[in-house]
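K.L.:
Data: final_14.cif, mmCIF, C-alpha atoms.
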data_run
#
loop_
_atom_site.label_atom_id
_atom_site.label_comp_id
_atom_site.auth_asym_id
_atom_site.auth_seq_id
_atom_site.Cartn_x
_atom_site.Cartn_y
_atom_site.Cartn_z
CA MET A 1 16.71 -37.56 -2.14
CA ALA A 2 13.42 -36.88 -3.88
CA LEU A 3 10.19 -38.11 -2.35
CA PRO A 4 8.21 -40.70 -4.34
CA GLN A 5 5.78 -39.14 -6.82
CA SER A 6 2.79 -40.58 -4.91
CA ILE A 7 3.81 -38.56 -1.84
CA VAL A 8 4.26 -35.38 -3.86
CA ASP A 9 0.90 -36.00 -5.56
CA TYR A 10 -0.81 -36.34 -2.18
CA LEU A 11 0.58 -32.99 -1.03
CA ILE A 12 -0.38 -31.29 -4.30
CA GLU A 13 -3.90 -32.71 -4.10
CA ASN A 14 -4.27 -31.48 -0.51
CA ALA A 15 -3.01 -28.05 -1.58
CA GLN A 16 -5.59 -27.95 -4.38
CA ASN A 17 -8.35 -29.00 -1.97
CA SER A 18 -7.42 -26.21 0.41
CA GLY A 19 -7.17 -23.65 -2.39
CA THR A 20 -3.42 -23.06 -2.17
CA ALA A 21 -0.59 -23.45 -4.64
CA ALA A 22 1.56 -26.57 -4.84
CA PRO A 23 3.95 -26.44 -1.84
CA LEU A 24 7.56 -25.34 -2.18
CA ASP A 25 10.32 -27.36 -0.53
CA GLY A 26 10.80 -25.08 2.49
CA GLU A 27 7.21 -24.00 2.88
CA ASP A 28 5.37 -24.68 6.16
CA LEU A 29 2.77 -27.28 5.15
CA PHE A 30 0.61 -26.65 8.21
CA LYS A 31 0.52 -22.87 7.89
CA SER A 32 -0.35 -23.10 4.20
CA GLY A 33 -3.17 -25.56 4.93
CA VAL A 34 -1.68 -28.45 2.93
CA LEU A 35 -1.62 -30.58 6.09
CA ASP A 36 -3.56 -30.52 9.33
CA SER A 37 -3.56 -32.94 12.24
CA PHE A 38 -6.03 -35.34 10.64
CA ALA A 39 -4.35 -35.23 7.23
CA LEU A 40 -0.98 -35.85 8.86
CA VAL A 41 -2.13 -39.22 10.17
CA ASP A 42 -3.07 -40.33 6.64
CA PHE A 43 0.11 -38.77 5.26
CA VAL A 44 2.33 -40.70 7.68
CA THR A 45 0.57 -43.94 6.72
CA LEU A 46 1.25 -43.12 3.07
CA LEU A 47 4.90 -42.37 3.86
CA GLU A 48 5.29 -45.70 5.63
CA GLU A 49 3.84 -47.55 2.65
CA HIS A 50 5.64 -45.74 -0.15
CA CYS A 51 8.99 -45.00 1.49
CA VAL A 52 9.21 -48.35 3.29
CA ILE A 53 9.85 -46.84 6.70
CA LYS A 54 8.25 -47.30 10.11
CA VAL A 55 7.28 -44.07 11.87
CA PRO A 56 7.12 -44.71 15.63
CA ASP A 57 4.16 -43.17 17.49
CA ALA A 58 6.54 -40.89 19.38
CA ASP A 59 7.67 -39.37 16.06
CA ILE A 60 4.11 -38.44 15.02
CA ASN A 61 4.88 -34.82 15.61
CA PRO A 62 4.19 -31.94 13.21
CA ALA A 63 7.78 -30.72 13.59
CA ASN A 64 9.04 -33.81 11.75
CA PHE A 65 6.78 -33.14 8.77
CA GLN A 66 6.58 -29.34 8.72
CA THR A 67 8.15 -28.90 5.26
CA ILE A 68 9.03 -31.06 2.28
CA ASP A 69 12.69 -30.61 3.24
CA ALA A 70 11.94 -31.89 6.77
CA ILE A 71 10.01 -34.86 5.39
CA GLU A 72 12.87 -35.78 3.06
CA ALA A 73 15.36 -35.54 5.94
CA TYR A 74 13.15 -37.72 8.12
CA VAL A 75 12.71 -40.38 5.45
CA THR A 76 16.44 -40.40 4.67
CA ALA A 77 17.31 -40.82 8.36
CA HIS A 78 14.84 -43.67 8.85
CA ARG A 79 15.42 -45.70 5.73
CA GLY A 80 17.21 -48.94 6.49
CA MET B 81 -15.88 -67.89 34.10
CA SER B 82 -16.64 -64.68 32.31
CA ALA B 83 -18.02 -61.19 32.88
CA PHE B 84 -21.21 -59.85 31.32
CA ILE B 85 -22.76 -56.45 30.72
CA ASN B 86 -26.35 -57.22 31.65
CA GLY B 87 -27.79 -53.73 31.89
CA SER B 88 -27.24 -50.18 30.75
CA GLY B 89 -28.80 -46.79 31.23
CA SER B 90 -28.09 -43.19 30.40
CA TYR B 91 -29.36 -39.88 31.64
CA LEU B 92 -29.04 -36.51 29.96
CA PRO B 93 -29.88 -33.05 31.27
CA GLU B 94 -32.82 -31.48 29.43
CA GLY B 95 -31.10 -28.27 28.39
CA ILE B 96 -30.07 -28.41 24.72
CA VAL B 97 -27.45 -25.89 23.61
CA THR B 98 -27.04 -25.53 19.85
CA ASN B 99 -23.99 -24.37 17.94
CA GLU B 100 -25.92 -21.24 16.98
CA GLU B 101 -26.46 -20.37 20.65
CA ILE B 102 -22.79 -20.53 21.62
CA ALA B 103 -21.03 -19.61 18.37
CA ALA B 104 -20.99 -15.84 18.77
CA ARG B 105 -19.90 -16.07 22.39
CA LEU B 106 -17.05 -18.44 21.54
CA GLY B 107 -16.02 -16.51 18.44
CA VAL B 108 -16.60 -19.42 16.07
CA ASP B 109 -18.94 -20.09 13.16
CA PRO B 110 -21.81 -22.55 13.90
CA GLU B 111 -21.24 -24.52 10.72
CA GLN B 112 -17.50 -24.58 11.36
CA ILE B 113 -18.16 -26.24 14.74
CA PHE B 114 -20.05 -29.00 12.93
CA LYS B 115 -17.49 -29.31 10.18
CA SER B 116 -14.54 -29.61 12.54
CA SER B 117 -16.19 -31.83 15.15
CA GLY B 118 -19.44 -33.37 13.88
CA ILE B 119 -21.27 -31.73 16.78
CA ARG B 120 -24.51 -29.73 16.27
CA ARG B 121 -25.75 -29.51 19.84
CA ARG B 122 -24.92 -30.65 23.36
CA ARG B 123 -26.68 -30.89 26.72
CA TRP B 124 -25.68 -28.56 29.53
CA ALA B 125 -27.03 -29.15 33.01
CA PRO B 126 -28.65 -26.35 35.03
CA SER B 127 -26.35 -24.48 37.39
CA GLY B 128 -25.82 -26.37 40.62
CA THR B 129 -26.40 -29.83 39.16
CA THR B 130 -24.09 -32.38 40.76
CA THR B 131 -22.37 -35.03 38.64
CA SER B 132 -23.41 -37.75 41.08
CA SER B 133 -27.09 -36.88 40.58
CA LEU B 134 -26.81 -37.56 36.83
CA ALA B 135 -24.92 -40.79 37.53
CA ALA B 136 -27.53 -41.93 40.05
CA ALA B 137 -30.32 -41.38 37.51
CA ALA B 138 -28.44 -43.42 34.90
CA LEU B 139 -27.70 -46.19 37.39
CA ARG B 140 -31.35 -46.46 38.35
CA LEU B 141 -32.17 -47.17 34.68
CA ALA B 142 -29.31 -49.64 34.29
CA VAL B 143 -30.35 -51.65 37.36
CA GLU B 144 -33.87 -51.84 35.97
CA ASP B 145 -32.54 -52.87 32.56
CA ALA B 146 -30.51 -55.68 34.17
CA ASP B 147 -33.64 -56.84 35.99
CA LEU B 148 -31.90 -56.49 39.33
CA ASN B 149 -32.85 -55.09 42.70
CA ILE B 150 -30.67 -52.21 43.88
CA ASP B 151 -29.66 -54.33 46.90
CA GLN B 152 -27.98 -56.81 44.56
CA ILE B 153 -25.28 -54.28 43.63
CA ASP B 154 -22.21 -55.19 45.67
CA TYR B 155 -19.57 -52.82 44.24
CA LEU B 156 -19.76 -49.36 42.71
CA LEU B 157 -17.18 -47.78 40.40
CA PHE B 158 -17.54 -44.18 39.27
CA GLY B 159 -15.57 -42.60 36.44
CA THR B 160 -15.65 -38.81 36.20
CA MET B 161 -13.37 -35.83 35.60
CA THR B 162 -15.86 -33.46 37.19
CA PRO B 163 -16.50 -34.77 40.72
CA ASP B 164 -18.97 -33.20 43.13
CA ARG B 165 -16.11 -32.39 45.51
CA LEU B 166 -12.31 -32.67 45.55
CA ILE B 167 -12.55 -35.03 48.54
CA PRO B 168 -14.16 -37.51 49.00
CA GLY B 169 -14.83 -39.18 45.68
CA SER B 170 -18.35 -38.90 44.29
CA ALA B 171 -19.13 -42.63 44.29
CA PRO B 172 -20.35 -42.43 47.91
CA ALA B 173 -22.84 -39.72 46.88
CA ILE B 174 -24.33 -42.13 44.30
CA GLN B 175 -24.49 -44.89 46.93
CA SER B 176 -26.31 -42.58 49.30
CA ALA B 177 -28.67 -41.14 46.68
CA LEU B 178 -29.86 -44.59 45.57
CA GLY B 179 -29.84 -46.22 49.00
CA LEU B 180 -27.38 -48.93 48.04
CA ARG B 181 -26.09 -51.24 50.74
CA GLU B 182 -22.81 -50.16 52.42
CA VAL B 183 -20.76 -51.60 49.56
CA PRO B 184 -17.28 -50.53 48.36
CA CYS B 185 -17.46 -47.32 46.29
CA LEU B 186 -14.53 -46.06 44.28
CA ASP B 187 -13.84 -43.11 41.96
CA ILE B 188 -11.62 -43.66 38.90
CA ARG B 189 -9.57 -40.84 37.34
CA ALA B 190 -8.64 -42.00 33.87
CA ALA B 191 -10.51 -39.21 32.09
CA CYS B 192 -12.04 -40.27 28.75
CA CYS B 193 -10.79 -43.83 29.31
CA ASN B 194 -12.83 -44.14 32.50
CA ALA B 195 -15.29 -46.51 30.86
CA LEU B 196 -12.50 -48.89 29.81
CA TYR B 197 -10.74 -48.78 33.19
CA ALA B 198 -14.03 -49.27 35.05
CA LEU B 199 -14.99 -52.21 32.84
CA ASP B 200 -11.54 -53.73 33.32
CA LEU B 201 -11.80 -53.44 37.11
CA ALA B 202 -15.41 -54.63 37.16
CA ARG B 203 -14.47 -57.63 35.07
CA ALA B 204 -11.59 -58.47 37.41
CA LEU B 205 -13.87 -58.13 40.46
CA VAL B 206 -16.45 -60.56 39.16
CA LEU B 207 -13.88 -62.99 37.74
CA THR B 208 -12.08 -63.22 41.08
CA GLY B 209 -15.33 -63.61 42.98
CA SER B 210 -14.87 -60.35 44.87
CA ALA B 211 -18.18 -59.07 43.54
CA THR B 212 -21.27 -60.40 41.80
CA ASN B 213 -22.93 -57.31 40.31
CA VAL B 214 -20.74 -54.25 39.80
CA ALA B 215 -22.31 -50.89 39.03
CA VAL B 216 -20.16 -48.91 36.60
CA CYS B 217 -21.21 -45.26 36.64
CA LEU B 218 -19.81 -42.70 34.18
CA ALA B 219 -20.83 -39.05 34.27
CA GLU B 220 -19.72 -35.51 33.61
CA VAL B 221 -21.02 -32.03 34.34
CA GLN B 222 -18.41 -30.15 32.35
CA SER B 223 -20.34 -27.03 31.42
CA PRO B 224 -19.47 -25.03 34.59
CA PHE B 225 -15.76 -25.54 33.92
CA LEU B 226 -15.78 -24.31 30.33
CA ASP B 227 -14.09 -21.05 29.40
CA LEU B 228 -16.65 -19.34 27.17
CA SER B 229 -14.32 -16.64 25.91
CA ASN B 230 -13.12 -16.39 22.32
CA GLU B 231 -9.65 -17.64 23.28
CA ALA B 232 -11.02 -21.02 24.36
CA GLY B 233 -13.79 -21.33 21.79
CA THR B 234 -12.40 -24.22 19.78
CA LEU B 235 -12.09 -26.33 22.93
CA SER B 236 -15.21 -25.33 24.85
CA MET B 237 -17.49 -25.91 21.84
CA LEU B 238 -16.85 -29.66 22.09
CA PHE B 239 -18.11 -30.61 25.54
CA GLY B 240 -21.45 -31.68 26.91
CA ASP B 241 -22.91 -33.06 30.14
CA GLY B 242 -24.42 -36.51 30.61
CA ALA B 243 -24.24 -39.85 32.36
CA ALA B 244 -24.28 -43.56 31.67
CA ALA B 245 -24.26 -46.68 33.81
CA LEU B 246 -23.49 -50.32 33.08
CA ILE B 247 -24.09 -53.40 35.20
CA VAL B 248 -21.28 -55.97 35.05
CA SER B 249 -22.17 -59.37 36.47
CA ASN B 250 -20.64 -62.80 36.83
CA GLN B 251 -23.61 -64.49 35.11
CA PRO B 252 -25.61 -63.51 32.02
CA SER B 253 -29.02 -62.11 32.85
CA VAL B 254 -31.91 -64.56 32.54
CA SER B 255 -34.06 -61.80 31.06
CA ALA B 256 -31.84 -61.42 27.99
CA SER B 257 -33.42 -62.11 24.62
CA ALA B 258 -32.26 -62.49 21.04
CA ASP B 259 -33.00 -58.87 20.23
CA HIS B 260 -31.67 -57.58 23.55
CA PRO B 261 -28.70 -59.80 24.34
CA ASN B 262 -26.25 -59.63 27.17
CA LEU B 263 -22.73 -58.70 26.24
CA GLU B 264 -19.81 -60.84 27.24
CA ILE B 265 -16.65 -58.88 27.98
CA ILE B 266 -14.07 -60.90 26.08
CA ASP B 267 -10.92 -58.84 26.67
CA ILE B 268 -9.67 -55.36 27.51
CA LEU B 269 -6.32 -53.80 26.57
CA LEU B 270 -5.04 -50.67 28.34
CA ALA B 271 -1.81 -48.66 27.99
CA THR B 272 -0.33 -45.37 29.23
CA ASN B 273 2.50 -42.98 28.33
CA GLY B 274 2.88 -40.21 30.90
CA HIS B 275 5.29 -38.26 28.70
CA TYR B 276 2.24 -36.45 27.31
CA VAL B 277 0.80 -35.45 30.68
CA ASP B 278 0.72 -31.74 29.83
CA ASP B 279 -0.91 -32.09 26.40
CA LEU B 280 -4.43 -32.57 27.73
CA GLY B 281 -5.97 -31.79 31.10
CA ILE B 282 -6.44 -29.20 33.85
CA ARG B 283 -3.44 -28.27 35.99
CA CYS B 284 -5.02 -26.77 39.08
CA PRO B 285 -5.79 -27.21 41.87
CA GLY B 286 -3.03 -29.70 42.62
CA THR B 287 0.33 -30.16 44.31
CA GLU B 288 2.35 -29.55 41.13
CA PHE B 289 0.97 -26.18 40.03
CA GLY B 290 -0.63 -25.05 43.27
CA THR B 291 -4.00 -24.15 44.67
CA ALA B 292 -5.94 -20.99 45.39
CA SER B 293 -4.17 -20.87 48.77
CA THR B 294 -0.67 -20.91 47.23
CA HIS B 295 -1.28 -18.39 44.45
CA PRO B 296 -4.11 -16.06 43.48
CA ALA B 297 -6.34 -18.12 41.21
CA ALA B 298 -7.34 -14.97 39.32
CA GLU B 299 -3.74 -14.60 38.15
CA HIS B 300 -3.51 -18.21 37.00
CA LEU B 301 -6.87 -18.72 35.32
CA ALA B 302 -5.34 -20.68 32.44
CA ASP B 303 -4.12 -23.29 34.91
CA TYR B 304 -7.67 -23.81 36.16
CA ALA B 305 -9.16 -24.21 32.67
CA PRO B 306 -9.00 -27.21 30.32
CA ARG B 307 -5.91 -27.15 28.10
CA MET B 308 -5.31 -29.20 24.98
CA ASN B 309 -2.49 -29.52 22.48
CA GLY B 310 -4.90 -30.38 19.69
CA GLN B 311 -2.34 -31.63 17.18
CA SER B 312 -0.68 -33.94 19.66
CA VAL B 313 -4.03 -35.30 20.87
CA ILE B 314 -5.35 -35.99 17.38
CA LEU B 315 -2.14 -37.54 16.12
CA GLN B 316 -1.63 -39.79 19.10
CA ALA B 317 -5.32 -40.67 19.48
CA SER B 318 -5.61 -41.67 15.82
CA ARG B 319 -2.66 -44.02 16.06
CA ARG B 320 -3.13 -45.39 19.57
CA MET B 321 -6.84 -46.21 19.26
CA VAL B 322 -6.13 -48.06 16.04
CA SER B 323 -3.10 -49.93 17.38
CA ALA B 324 -4.98 -50.90 20.56
CA GLY B 325 -7.93 -52.16 18.54
CA ARG B 326 -5.70 -54.15 16.21
CA SER B 327 -3.68 -55.70 19.04
CA LEU B 328 -6.81 -56.65 20.92
CA LEU B 329 -8.35 -58.33 17.89
CA GLU B 330 -5.11 -60.09 17.05
CA ARG B 331 -4.60 -61.57 20.49
CA ASN B 332 -8.15 -62.93 20.31
CA GLN B 333 -7.57 -64.47 16.87
CA LEU B 334 -9.97 -62.01 15.23
CA THR B 335 -9.64 -59.47 12.42
CA ALA B 336 -11.33 -56.16 11.68
CA LYS B 337 -13.73 -58.03 9.40
CA ASP B 338 -15.19 -59.78 12.46
CA VAL B 339 -16.25 -56.51 14.10
CA ARG B 340 -19.95 -55.69 13.73
CA TRP B 341 -20.06 -52.55 15.92
CA LEU B 342 -17.43 -49.93 16.65
CA VAL B 343 -18.40 -48.05 19.83
CA PRO B 344 -15.59 -45.55 20.36
CA HIS B 345 -15.12 -42.76 22.88
CA GLN B 346 -17.09 -39.92 21.29
CA ALA B 347 -14.46 -37.22 20.96
CA ASN B 348 -14.74 -35.84 17.45
CA ALA B 349 -16.44 -37.15 14.31
CA ASN B 350 -13.31 -36.66 12.21
CA LEU B 351 -11.34 -38.72 14.71
CA LEU B 352 -13.95 -41.48 14.70
CA ALA B 353 -13.80 -41.62 10.90
CA GLN B 354 -10.01 -41.74 11.02
CA VAL B 355 -10.04 -44.59 13.56
CA ALA B 356 -12.59 -46.56 11.52
CA ARG B 357 -10.44 -46.07 8.42
CA GLY B 358 -7.25 -46.98 10.27
CA LEU B 359 -8.76 -50.19 11.59
CA GLU B 360 -9.83 -51.08 8.03
CA LEU B 361 -13.26 -52.14 9.23
CA ALA B 362 -15.50 -53.92 6.78
CA GLN B 363 -17.97 -51.14 5.99
CA PRO B 364 -20.91 -51.01 5.67
CA GLU B 365 -21.05 -54.33 7.52
CA CYS B 366 -19.46 -52.69 10.57
CA GLU B 367 -21.36 -49.70 11.90
CA VAL B 368 -19.71 -46.89 13.83
CA VAL B 369 -21.95 -45.87 16.72
CA SER B 370 -21.98 -42.10 17.20
CA VAL B 371 -24.02 -39.84 19.44
CA LEU B 372 -21.71 -36.89 18.87
CA GLU B 373 -24.00 -34.81 16.71
CA ASP B 374 -26.61 -34.45 19.46
CA LEU B 375 -24.55 -34.76 22.63
CA GLY B 376 -21.03 -33.49 21.94
CA ASN B 377 -18.10 -34.95 23.83
CA THR B 378 -19.33 -36.13 27.23
CA SER B 379 -15.84 -37.42 28.14
CA SER B 380 -16.08 -40.21 30.75
CA ALA B 381 -19.74 -40.82 29.92
CA SER B 382 -19.51 -40.86 26.13
CA MET B 383 -18.69 -44.51 25.49
CA GLY B 384 -21.31 -45.68 27.99
CA ILE B 385 -23.97 -43.44 26.46
CA ALA B 386 -23.11 -44.70 22.97
CA LEU B 387 -23.22 -48.32 24.13
CA ASP B 388 -26.53 -47.81 25.89
CA SER B 389 -28.01 -46.12 22.81
CA LEU B 390 -26.92 -49.10 20.70
CA ARG B 391 -28.31 -51.67 23.15
CA ARG B 392 -31.65 -49.89 23.16
CA THR B 393 -31.95 -50.08 19.38
CA LYS B 394 -32.11 -53.88 19.90
CA LYS B 395 -29.86 -54.29 16.86
CA ILE B 396 -27.08 -56.23 18.61
CA LYS B 397 -27.43 -59.87 17.68
CA PRO B 398 -25.90 -62.95 19.31
CA ASP B 399 -22.27 -63.41 18.27
CA ASP B 400 -21.91 -59.81 17.11
CA TYR B 401 -18.47 -58.49 18.09
CA LEU B 402 -18.22 -54.98 19.50
CA LEU B 403 -14.92 -53.08 19.60
CA LEU B 404 -14.73 -50.14 22.02
CA PRO B 405 -11.57 -48.01 21.65
CA ALA B 406 -10.80 -44.89 23.69
CA PHE B 407 -8.06 -42.32 24.23
CA ALA B 408 -7.64 -39.96 27.16
CA ALA B 409 -5.52 -37.42 29.00
CA GLY B 410 -2.34 -38.92 30.36
CA PHE B 411 -2.05 -40.08 27.65
CA THR B 412 -3.82 -43.34 28.29
CA TRP B 413 -5.67 -45.43 25.74
CA GLY B 414 -7.04 -48.86 25.04
CA ALA B 415 -9.92 -50.91 23.75
CA ALA B 416 -12.48 -53.43 24.94
CA LEU B 417 -13.84 -56.37 23.00
CA CYS B 418 -17.36 -57.63 23.71
CA ARG B 419 -19.66 -60.16 22.11
CA GLY B 420 -23.43 -60.47 21.98
CA LEU B 421 -24.65 -63.66 23.64
#
Would you give me this structure, written as structure tokens?
P.N.:
Amino acid sequence: MALPQSIVDYLIENAQNSGTAAPLDGEDLFKSGVLDSFALVDFVTLLEEHCVIKVPDADINPANFQTIDAIEAYVTAHRG
Amino acid sequence: MSAFINGSGSYLPEGIVTNEEIAARLGVDPEQIFKSSGIRRRRWAPSGTTTSSLAAAALRLAVEDADLNIDQIDYLLFGTMTPDRLIPGSAPAIQSALGLREVPCLDIRAACCNALYALDLARALVLTGSATNVAVCLAEVQSPFLDLSNEAGTLSMLFGDGAAALIVSNQPSVSASADHPNLEIIDILLATNGHYVDDLGIRCPGTEFGTASTHPAAEHLADYAPRMNGQSVILQASRRMVSAGRSLLERNQLTAKDVRWLVPHQANANLLAQVARGLELAQPECEVVSVLEDLGNTSSASMGIALDSLRRTKKIKPDDYLLLPAFAAGFTWGAALCRGL
């Protein structure tokens, strides 16, 4: 599945703000500076709103959102 | 029946340590410290300063602020992560230093949630009639425990020393006025998830990882120093402080728009901003109280210092709601809801 455009736009904007190129699907978003711990909290809120999923507190873990591929897999697994 | 915060006080060591003074030693850039934490300086106590001595100084001011005599204190709670000694607790040292009557004295070990746990217990004590005026002391002398090497720079740059004290009573103080009101403690919510026990804290000395008598401390220095999984702490703190605040407001038939003052545990300016955003507070109507820039993270003491600084501005008006969220090692977290009278 493809992520909603609003999610992709958020990641691209963060990449621009941190001076890096738009992230590739398998790229580590934390190593490239697209996400950090604070940004991840906002990102998860955005995911919940735009993908209509509920991310439990226990899942707020960088490993679940390390790459675009990982995010897509997470959203697919948690969509009702 | 209700419980009231009738007095507050805080005491800070005189020594100011700026980012510029510690940056080179910690291997970090002074401006980067500010950017990542909101902290420009912190207080560090002189070598040999006991935590109880800071707490006693703060309590003296709080008792005066509540217009009480020291003999009217009939219970003392002390929250700290940096006690004078391993055993006994440090509350007795405060009792002795101030010449309190031979009242119950108890240390609390809920780290940066110590203020919330102490207020919860103090409230229960006065509501059940077990006590009339409870002294809540909160203090840290963290500077001697900090690893000032480059490896620990991003953690050690955050912490400061300081103390606060609050007086919780079963009646509002008669000396309260419109521009210096008592605070009624409306409700407190607390929660814990011990799954994260290793993400924030200090392992040794203890029965799980040993003591200097069971292994050479020099070979296990990391176990004796503060450790933090920063990502886990930030992610969980951001969510838990917000969810606790929301739940507390909801069960009291209030919304974020009713909150006039947010007085959070002072951990990191970015975290405070995130919590304020997550709670969807009505800004600028709701002000976030922060003493981080000048004092750093004073752990147990931080919320008490922030509350005392707010009370002393005389800006709290009757019927103002205050929301006090915190997050701590454990993990444990929660929030308190107070109202100006």
K.L.:
Could you please tell me, as a CSV table (one decimal) with C-alpha atoms, in the coordinates of the input, which residues of chain B have an atom within 12 Å of chain A when using only C-alpha atoms?
P.N.:
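And here is the file that came out, selection31.csv:
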chain,number,residue,atom,x,y,z
B,116,SER,CA,-14.5,-29.6,12.5
B,117,SER,CA,-16.2,-31.8,15.2
B,273,ASN,CA,2.5,-43.0,28.3
B,275,HIS,CA,5.3,-38.3,28.7
B,276,TYR,CA,2.2,-36.4,27.3
B,309,ASN,CA,-2.5,-29.5,22.5
B,310,GLY,CA,-4.9,-30.4,19.7
B,311,GLN,CA,-2.3,-31.6,17.2
B,312,SER,CA,-0.7,-33.9,19.7
B,313,VAL,CA,-4.0,-35.3,20.9
B,314,ILE,CA,-5.4,-36.0,17.4
B,315,LEU,CA,-2.1,-37.5,16.1
B,316,GLN,CA,-1.6,-39.8,19.1
B,317,ALA,CA,-5.3,-40.7,19.5
B,318,SER,CA,-5.6,-41.7,15.8
B,319,ARG,CA,-2.7,-44.0,16.1
B,320,ARG,CA,-3.1,-45.4,19.6
B,321,MET,CA,-6.8,-46.2,19.3
B,322,VAL,CA,-6.1,-48.1,16.0
B,323,SER,CA,-3.1,-49.9,17.4
B,348,ASN,CA,-14.7,-35.8,17.4
B,349,ALA,CA,-16.4,-37.2,14.3
B,350,ASN,CA,-13.3,-36.7,12.2
B,351,LEU,CA,-11.3,-38.7,14.7
B,352,LEU,CA,-14.0,-41.5,14.7
B,353,ALA,CA,-13.8,-41.6,10.9
B,354,GLN,CA,-10.0,-41.7,11.0
B,355,VAL,CA,-10.0,-44.6,13.6
B,357,ARG,CA,-10.4,-46.1,8.4
B,358,GLY,CA,-7.2,-47.0,10.3
B,411,PHE,CA,-2.0,-40.1,27.6
K.L.:
Asp69 (chain A): which residues within 8 Å, counting all atoms listed in the file, same-chain residues fewer than 4 positions away excluded, as a list of chain:residue names?
P.N.:
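Residues near the query, excluding close chain neighbours: A:Asp25, A:Gly26, A:Ala73.
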K.L.:
For the file shown, report as an mmCIF file with C-alpha atoms, keeping the file's coordinate frame the outcome of the PyMOL selection byres ((chain B and resi 387) around 9) at residue level.
P.N.:
data_model
loop_
_atom_site.group_PDB
_atom_site.id
_atom_site.type_symbol
_atom_site.label_atom_id
_atom_site.label_comp_id
_atom_site.auth_asym_id
_atom_site.auth_seq_id
_atom_site.Cartn_x
_atom_site.Cartn_y
_atom_site.Cartn_z
ATOM 1 C CA SER B 88 -27.240 -50.180 30.750
ATOM 2 C CA ALA B 244 -24.280 -43.560 31.670
ATOM 3 C CA VAL B 343 -18.400 -48.050 19.830
ATOM 4 C CA PRO B 344 -15.590 -45.550 20.360
ATOM 5 C CA VAL B 369 -21.950 -45.870 16.720
ATOM 6 C CA SER B 382 -19.510 -40.860 26.130
ATOM 7 C CA MET B 383 -18.690 -44.510 25.490
ATOM 8 C CA GLY B 384 -21.310 -45.680 27.990
ATOM 9 C CA ILE B 385 -23.970 -43.440 26.460
ATOM 10 C CA ALA B 386 -23.110 -44.700 22.970
ATOM 11 C CA ASP B 388 -26.530 -47.810 25.890
ATOM 12 C CA SER B 389 -28.010 -46.120 22.810
ATOM 13 C CA LEU B 390 -26.920 -49.100 20.700
ATOM 14 C CA ARG B 391 -28.310 -51.670 23.150
ATOM 15 C CA ARG B 392 -31.650 -49.890 23.160
ATOM 16 C CA LEU B 404 -14.730 -50.140 22.020
#
K.L.:
Could you check which of B:Glu111, B:Asp267, B:Glu94, B:Glu373 is closest to Ala416 (chain B), using all atoms listed in the file?
P.N.:
B:Asp267
K.L.:
Quick check, in Å to one decimal: how far apart do CA of Ser255 (chain B) and CA of Asp145 (chain B) lie?
P.N.:
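A separation of 9.2 Å between them.
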K.L.:
Step by step, work through what the PyMOL selection byres ((chain A and resi 66) around 7) selects in the shown file, and finish by giving those residues as a list in words.
P.N.:
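Checking the PyMOL selection byres ((chain A and resi 66) around 7) against this file, the residues are Asp28, Leu29, Phe30, Pro62, Ala63, Asn64, Phe65, Thr67 and Ala70 of chain A.
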K.L.:
Which is closer to Gly19 (chain A) than all the others in A:Ile68, A:Ile53, A:Val34, A:Val44, using all atoms listed in the file?
P.N.:
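Using all atoms listed in the file, the shortest distance to Gly19 (chain A) belongs to A:Val34.
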K.L.:
Evaluate the PyMOL selection byres ((chain A and resi 15) around 12) and record the selected residues as a VMD selection string, following the chain and residue labels used in the document.
P.N.:
chain A and resid 8 to 14 16 to 24 27 to 36 39
K.L.:
For a test of reading the model, state the distance in Å between CA of Val52 (chain A) and CA of Gly325 (chain B), rounded to one decimal.
P.N.:
23.3 Å
K.L.:
Could you check how far CA of Cys366 (chain B) sits from CA of Lys395 (chain B), in Å to one decimal?
P.N.:
12.3 Å
K.L.:
Please identify all polymer residues lying at most 12 Å from the point (-8.4, -28.0, 29.7) (file coordinates), using all atoms listed in the file, and present the result as a PyMOL selection string.
P.N.:
chain B and resi 161-162+191+222+225-227+232-236+238-239+277-284+301-310+409
K.L.:
Report as lines of an AutoDock Vina configuration file the centre and the edge lengths, in Å to one decimal, of the axis-aligned box holding every listed atom of region 57-76 of chain A, padded by 4 Å on each side.
P.N.:
center_x = 10.3
center_y = -36.0
center_z = 10.8
size_x = 20.3
size_y = 22.3
size_z = 25.1
K.L.:
Using all atoms listed in the file - which residues lie no farther than 10 Å from the point (10.8, -41.3, 2.0) in the file's frame? Write them as a CSV table (one decimal) with C-alpha atoms, keeping the file's coordinate frame.
P.N.:
chain,number,residue,atom,x,y,z
A,1,MET,CA,16.7,-37.6,-2.1
A,2,ALA,CA,13.4,-36.9,-3.9
A,3,LEU,CA,10.2,-38.1,-2.4
A,4,PRO,CA,8.2,-40.7,-4.3
A,7,ILE,CA,3.8,-38.6,-1.8
A,46,LEU,CA,1.2,-43.1,3.1
A,47,LEU,CA,4.9,-42.4,3.9
A,48,GLU,CA,5.3,-45.7,5.6
A,49,GLU,CA,3.8,-47.6,2.6
A,50,HIS,CA,5.6,-45.7,-0.2
A,51,CYS,CA,9.0,-45.0,1.5
A,52,VAL,CA,9.2,-48.4,3.3
A,53,ILE,CA,9.8,-46.8,6.7
A,71,ILE,CA,10.0,-34.9,5.4
A,72,GLU,CA,12.9,-35.8,3.1
A,73,ALA,CA,15.4,-35.5,5.9
A,74,TYR,CA,13.2,-37.7,8.1
A,75,VAL,CA,12.7,-40.4,5.4
A,76,THR,CA,16.4,-40.4,4.7
A,77,ALA,CA,17.3,-40.8,8.4
A,78,HIS,CA,14.8,-43.7,8.8
A,79,ARG,CA,15.4,-45.7,5.7
